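One structure is given here, and the rest of the page talks about it.
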There are 2 protein chains.
Amino acid sequence: MKRTAFFISDGTGITAETLGNSLLSQFEGIQFRKITLPYIDTIDKARETVAQINRACEEDGEAAIVFDTIVDDAVNEELSRNRGYKIDVFSTFLKPLEKELRTHSSYSVGKTHSISEMNRYKDRIDSVNFALDNDDGARTQQYDRADIILVGVSRCGKTPTCLYMALQFGIRAANYPLTDEDLESTQLPAPLQPYRNKLYGLTIDPFQLAAIRHERRPNSRYASLDQCDFEVRTVERMFKQHDLPSINTTNFSIEEISTRIMAHAGLLRRNN
Amino acid sequence: MKRTAFFISDGTGITAETLGNSLLSQFEGIQFRKITLPYIDTIDKARETVAQINRACEEDGEAAIVFDTIVDDAVNEELSRNRGYKIDVFSTFLKPLEKELRTHSSYSVGKTHSISEMNRYKDRIDSVNFALDNDDGARTQQYDRADIILVGVSRCGKTPTCLYMALQFGIRAANYPLTDEDLESTQLPAPLQPYRNKLYGLTIDPFQLAAIRHERRPNSRYASLDQCDFEVRTVERMFKQHDLPSINTTNFSIEEISTRIMAHAGLLRRNN
């Protein structure tokens with residue numbers, strides 16, 4: 001069975017998309033064709049959207065599922081003329097919340113992601129710059145400013161995790177790749193020694209590591225299963241020996257790796 | 001008035017957080033203390049969480065607002081014993097959706113961000129690597145693989161935007177900084193000429209640009225208002241002359257810049 005799902009917003013669409021994907025992922029048997037329509041902020045655009053939804057309903061022979069987070073009353077009213085199955089996120093929750101909070105909501109368009117929270121914006125950009133400046137062990141003299149320092153072998157997921165923590169949560173995350181040289185020693189690498197309490201280990205299944213490296217450098221020693229297996233075993237021994245917390249990234253998404261590390265290390269979101 | 005808001009999940013917490021922030025941002029007069037508690041996936045953890053919520057209610061003298069996306073029935077039941085104002089996202093929407101979709105939901109824990117969707121994961125990591133490899137004009141020979149190429153002066157927001165599009169949407173975004181040399185010519189820089197239809201301009205208020213650059217290199221010519229003003233004016237003329245689409249990033253968040261560019265350029269999300 002195929003159904004179309006729409007995520008519609010007068011802002012970025014991220015809230016509708018996040019909630020919608022989360023709900024739809026609970027229905028494994030159904031394949032959804034997903035369409036995000038952000039910035040639907042005029043009656044004309046709402047009218048076009050209704051036509052698009054109705055076409056999808058006809059093509060599928062089933063009602064499309066329509067998640068929307070539009071706050072403007074007139075735009076919302078126009079949009080609601082669609083023949084899909086409507087999940088109006090804001091009207092479901094805002095009215096009861098207004099009652100509980102004993103005040104009216106501002107119904108301001110796209111307020112969540114507004115740059116008006118200038119500090120939050122600056123924190124995130126600073127954190128992205130920090131992650132880039134301190135990526136891949138390129139620089140180690142800023143480690144005193146780091147919230148966390150990820151350590152692991154090359155291509156185990158350190159960089160995307162650092163960038164995600166920076167963009168999503170404003171966390172300053174550095175990362176240090178453990179090289180063959182580092183792995184020959186039983187000591188922690190010298191630049192890491194003063195920051196033991198900020199270190200967090202990443203490890204990965206050697207087969208997956210070999211596959212990832214193979215895409216980067218096909219048929220290299222670097223990508224060989226032997227080499228990957230050796231590195232992973234050594235690094236896991238190092239984590240154990242120095243009692244470093246660690247996570248195996250193999251079966252986790254970037255979101256899961258990031259939020260699990262943060263929860264475990266007690267790092268608070270800077271964007272809230 | 002101060003209130004505490006909790007975002008609680010047995011997964012990453014990102015859905016509860018995104019929806020909750022979006023709803024709470026509609027109440028401008030109230031300052032919320034926000035607490036995210038991810039991976040609440042046992043009855044013991046739920047019990048601790050209830051205690052934490054109840055303490056917040058007492059301290060505030062008001063009910064805490066509790067957004068939760070827990071799917072496990074037993075954990076949810078335990079959690080529901082808290083004295084906060086509960087917004088149970090999943091139970092609100094999943095039951096009606098099950099009816100509409102004529103099937104049961106899997107109620108699987110943290111399914112949204114599950115790595116089981118391996119292709120989506122690979123797309124995002126590839127896109128992050130693409131953004132890093134093609135950052136700041138470092139390399140231009142991969143532009144044929146780019147979904148979009150952002151152009152603009154140094155520090156106008158190109159890199160964070162590219163990284164966000166990669167991580168959130170799996171878009172392959174390169175960026176090319178327009179240097180003084182580029183700005184002296186009325187031609188598009190040579191590496192960009194074959195890719196006119198992939199170019200998207202970023203511009204920014206000169207005062208904000210000067211402030212951002214000043215943090216990076218205080219009191220430099222690079223950060224002077226004169227220089228910033230000159231660069232911005234020249235770059236905006238270039239966008240106009242070559243009829244390039246562009247966005248002024250001054251008042252937008254990274255989410256807004258990214259989703260507006262994507263909507264305008266007709267780029268589809270690779271992660272849906």
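In the structure tokens, chains take the letters A, B, ... in the order shown, each chain's residues start at 1, and ligands count up from 1 in the order shown.
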
Quick one: residues within 12 Å of A:Asp60, only C-alpha atoms counted, chain neighbours fewer than 3 positions away excluded, as JSON, numbers by chain?
{"A": [1, 2, 3, 4, 5, 31, 32, 33, 53, 54, 55, 56, 57, 63, 64, 65, 84]}

Same residues, N, CA, C and O atoms, saved as a PDB file, in the first residue's frame:
```pdb
ATOM      1  N   MET A   1       0.835  -1.198   0.000  1.00  0.00           N
ATOM      2  CA  MET A   1       0.000   0.000   0.000  1.00  0.00           C
ATOM      3  C   MET A   1       0.871   1.251   0.000  1.00  0.00           C
ATOM      4  O   MET A   1       1.843   1.323   0.721  1.00  0.00           O
ATOM      5  N   LYS A   2       0.524   2.211  -0.813  1.00  0.00           N
ATOM      6  CA  LYS A   2       1.279   3.452  -0.856  1.00  0.00           C
ATOM      7  C   LYS A   2       0.394   4.612  -0.447  1.00  0.00           C
ATOM      8  O   LYS A   2      -0.764   4.690  -0.846  1.00  0.00           O
ATOM      9  N   ARG A   3       0.932   5.489   0.386  1.00  0.00           N
ATOM     10  CA  ARG A   3       0.200   6.681   0.775  1.00  0.00           C
ATOM     11  C   ARG A   3       1.145   7.865   0.660  1.00  0.00           C
ATOM     12  O   ARG A   3       2.350   7.744   0.848  1.00  0.00           O
ATOM     13  N   THR A   4       0.566   9.026   0.406  1.00  0.00           N
ATOM     14  CA  THR A   4       1.377  10.236   0.377  1.00  0.00           C
ATOM     15  C   THR A   4       1.214  10.967   1.701  1.00  0.00           C
ATOM     16  O   THR A   4       0.120  11.011   2.259  1.00  0.00           O
ATOM     17  N   ALA A   5       2.320  11.490   2.214  1.00  0.00           N
ATOM     18  CA  ALA A   5       2.265  12.294   3.435  1.00  0.00           C
ATOM     19  C   ALA A   5       2.807  13.684   3.126  1.00  0.00           C
ATOM     20  O   ALA A   5       3.818  13.825   2.435  1.00  0.00           O
ATOM     21  N   GLN A  31       4.449   2.194   2.851  1.00  0.00           N
ATOM     22  CA  GLN A  31       5.455   3.039   2.233  1.00  0.00           C
ATOM     23  C   GLN A  31       4.855   4.413   1.992  1.00  0.00           C
ATOM     24  O   GLN A  31       3.837   4.535   1.299  1.00  0.00           O
ATOM     25  N   PHE A  32       5.472   5.429   2.567  1.00  0.00           N
ATOM     26  CA  PHE A  32       4.952   6.773   2.383  1.00  0.00           C
ATOM     27  C   PHE A  32       5.803   7.550   1.382  1.00  0.00           C
ATOM     28  O   PHE A  32       7.026   7.525   1.443  1.00  0.00           O
ATOM     29  N   ARG A  33       5.125   8.231   0.486  1.00  0.00           N
ATOM     30  CA  ARG A  33       5.799   9.227  -0.350  1.00  0.00           C
ATOM     31  C   ARG A  33       5.682  10.537   0.414  1.00  0.00           C
ATOM     32  O   ARG A  33       4.573  10.981   0.709  1.00  0.00           O
ATOM     33  N   ILE A  53      -2.479  18.430  -2.813  1.00  0.00           N
ATOM     34  CA  ILE A  53      -2.903  17.350  -1.900  1.00  0.00           C
ATOM     35  C   ILE A  53      -4.033  16.533  -2.538  1.00  0.00           C
ATOM     36  O   ILE A  53      -4.011  15.294  -2.538  1.00  0.00           O
ATOM     37  N   ASN A  54      -5.000  17.239  -3.107  1.00  0.00           N
ATOM     38  CA  ASN A  54      -6.143  16.540  -3.697  1.00  0.00           C
ATOM     39  C   ASN A  54      -5.726  15.646  -4.869  1.00  0.00           C
ATOM     40  O   ASN A  54      -6.256  14.552  -5.039  1.00  0.00           O
ATOM     41  N   ARG A  55      -4.747  16.131  -5.667  1.00  0.00           N
ATOM     42  CA  ARG A  55      -4.231  15.296  -6.752  1.00  0.00           C
ATOM     43  C   ARG A  55      -3.616  14.016  -6.202  1.00  0.00           C
ATOM     44  O   ARG A  55      -3.838  12.926  -6.728  1.00  0.00           O
ATOM     45  N   ALA A  56      -2.827  14.154  -5.101  1.00  0.00           N
ATOM     46  CA  ALA A  56      -2.186  12.973  -4.493  1.00  0.00           C
ATOM     47  C   ALA A  56      -3.245  11.986  -4.003  1.00  0.00           C
ATOM     48  O   ALA A  56      -3.102  10.766  -4.173  1.00  0.00           O
ATOM     49  N   CYS A  57      -4.314  12.508  -3.400  1.00  0.00           N
ATOM     50  CA  CYS A  57      -5.388  11.632  -2.908  1.00  0.00           C
ATOM     51  C   CYS A  57      -5.985  10.832  -4.063  1.00  0.00           C
ATOM     52  O   CYS A  57      -6.250   9.631  -3.934  1.00  0.00           O
ATOM     53  N   ALA A  63      -6.735   8.783   1.097  1.00  0.00           N
ATOM     54  CA  ALA A  63      -6.474  10.123   1.617  1.00  0.00           C
ATOM     55  C   ALA A  63      -4.991  10.288   1.935  1.00  0.00           C
ATOM     56  O   ALA A  63      -4.370   9.394   2.508  1.00  0.00           O
ATOM     57  N   ALA A  64      -4.430  11.404   1.527  1.00  0.00           N
ATOM     58  CA  ALA A  64      -3.067  11.730   1.946  1.00  0.00           C
ATOM     59  C   ALA A  64      -3.095  12.103   3.426  1.00  0.00           C
ATOM     60  O   ALA A  64      -4.109  12.572   3.940  1.00  0.00           O
ATOM     61  N   ILE A  65      -1.969  11.870   4.119  1.00  0.00           N
ATOM     62  CA  ILE A  65      -1.871  12.282   5.523  1.00  0.00           C
ATOM     63  C   ILE A  65      -1.207  13.661   5.535  1.00  0.00           C
ATOM     64  O   ILE A  65      -0.122  13.842   4.989  1.00  0.00           O
ATOM     65  N   GLY A  84      -7.387  15.506   2.306  1.00  0.00           N
ATOM     66  CA  GLY A  84      -6.511  14.568   3.026  1.00  0.00           C
ATOM     67  C   GLY A  84      -6.968  14.334   4.453  1.00  0.00           C
ATOM     68  O   GLY A  84      -7.964  14.906   4.901  1.00  0.00           O
TER      69      GLY A  84
END
```

Set the distance at 6 Å and use only C-alpha atoms: which residues neighbour stretch 222-230 of chain B once local chain neighbours fewer than 6 positions away are removed? I'd like the list as a ChimeraX atom specification.
/B:206,210,213-214

Taking C-alpha atoms for each residue, export the selection above as a JSON list (two decimals), in the first residue's frame.
```json
[["chain", "number", "residue", "atom", "x", "y", "z"],
["B", 206, "PRO", "CA", 27.56, 44.87, 6.28],
["B", 210, "ALA", "CA", 31.86, 43.43, 10.31],
["B", 213, "ARG", "CA", 34.62, 39.20, 11.23],
["B", 214, "HIS", "CA", 35.76, 41.34, 14.14]]
```

Can you tell me, as an NGL selection string, which residues in stretch 37-250 of chain B count as strand (DSSP E or B) by DSSP?
:B and (37 or 65-68 or 85-88 or 148-152 or 173-177 or 199-203 or 246-248)

What's the 12 Å shell around A:Thr42, counting only C-alpha atoms, without same-chain residues fewer than 3 positions away, as a VMD selection string?
chain A and resid 9 to 11 38 to 39 45 to 49 70 to 79 109

Residues from last step as file, C-alpha atoms, as a PDB file, in the first residue's frame:
```pdb
ATOM      1  CA  SER A   9       4.265  24.867   7.381  1.00  0.00           C
ATOM      2  CA  ASP A  10       4.377  28.618   7.077  1.00  0.00           C
ATOM      3  CA  GLY A  11       7.929  28.380   8.433  1.00  0.00           C
ATOM      4  CA  PRO A  38       7.595  25.017   3.752  1.00  0.00           C
ATOM      5  CA  TYR A  39       6.767  28.733   3.699  1.00  0.00           C
ATOM      6  CA  LYS A  45       0.018  29.245  -1.765  1.00  0.00           C
ATOM      7  CA  ALA A  46      -2.475  27.434   0.489  1.00  0.00           C
ATOM      8  CA  ARG A  47      -4.850  27.098  -2.469  1.00  0.00           C
ATOM      9  CA  GLU A  48      -2.106  25.592  -4.672  1.00  0.00           C
ATOM     10  CA  THR A  49      -1.217  23.243  -1.828  1.00  0.00           C
ATOM     11  CA  ILE A  70       0.430  26.770  10.107  1.00  0.00           C
ATOM     12  CA  VAL A  71      -0.469  29.453  12.625  1.00  0.00           C
ATOM     13  CA  ASP A  72      -2.169  32.094  10.470  1.00  0.00           C
ATOM     14  CA  ASP A  73      -5.927  31.582  10.727  1.00  0.00           C
ATOM     15  CA  ALA A  74      -6.834  32.585   7.177  1.00  0.00           C
ATOM     16  CA  VAL A  75      -4.085  30.492   5.575  1.00  0.00           C
ATOM     17  CA  ASN A  76      -5.010  27.562   7.791  1.00  0.00           C
ATOM     18  CA  GLU A  77      -8.670  27.826   6.884  1.00  0.00           C
ATOM     19  CA  GLU A  78      -7.861  27.774   3.188  1.00  0.00           C
ATOM     20  CA  LEU A  79      -5.505  24.825   3.631  1.00  0.00           C
ATOM     21  CA  VAL A 109       4.901  32.696  12.111  1.00  0.00           C
TER      22      VAL A 109
END
```

Skipping near chain neighbours, those fewer than 5 positions away, what residues fall within 10 Å of A:Ile87 using only C-alpha atoms, listed as an mmCIF file with C-alpha atoms, in the first residue's frame?
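Result file is around04.cif:
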```
data_model
loop_
_atom_site.group_PDB
_atom_site.id
_atom_site.type_symbol
_atom_site.label_atom_id
_atom_site.label_comp_id
_atom_site.auth_asym_id
_atom_site.auth_seq_id
_atom_site.Cartn_x
_atom_site.Cartn_y
_atom_site.Cartn_z
ATOM 1 C CA PHE A 7 4.474 18.172 5.929
ATOM 2 C CA ALA A 16 5.908 19.203 10.944
ATOM 3 C CA GLY A 20 5.369 13.506 11.039
ATOM 4 C CA ILE A 65 -1.871 12.282 5.523
ATOM 5 C CA VAL A 66 -1.404 16.013 6.073
ATOM 6 C CA PHE A 67 0.683 17.282 8.988
ATOM 7 C CA ASP A 68 0.578 21.029 9.332
ATOM 8 C CA THR A 69 1.941 23.673 11.672
ATOM 9 C CA THR A 92 -4.433 20.368 18.675
ATOM 10 C CA PHE B 93 -1.920 11.155 17.257
ATOM 11 C CA PRO B 96 -6.386 8.172 15.173
ATOM 12 C CA LEU B 97 -3.639 7.490 12.617
#
```

Pick out the chain A residues within 8 Å of chain B. Count only C-alpha atoms. Give them as number ranges by chain.
A: 11-12, 15, 18-19, 21-23, 25-28, 34, 37-39, 85, 87, 90, 93-94, 100, 103-108, 111-116, 121, 125, 128, 160, 163-164, 167, 251-253, 255-256, 259-260, 263, 272

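Atom pair atom CA of A:Asp123 / atom CA of B:Ala173 has a distance of 22.6 Å (rounded to one decimal).
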
Can you list, as a ChimeraX atom specification, all residues belonging to stretch 52-250 of chain A that DSSP tags as alpha helix (DSSP H)?
/A:52-60,73-79,89-101,118-133,158-169,180-184,206-216,225-241

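In terms of minimum interatomic distance to A:Tyr195, A:Ile149 ranks closest within A:Val232, A:Met165, A:Ile149, A:Ile43, counting only C-alpha atoms.
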
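Considering the residues B:Leu188, B:Ile171, B:Ile204, B:Leu199 and counting only C-alpha atoms, B:Arg270 has its shortest atom-to-atom contact with B:Ile171.
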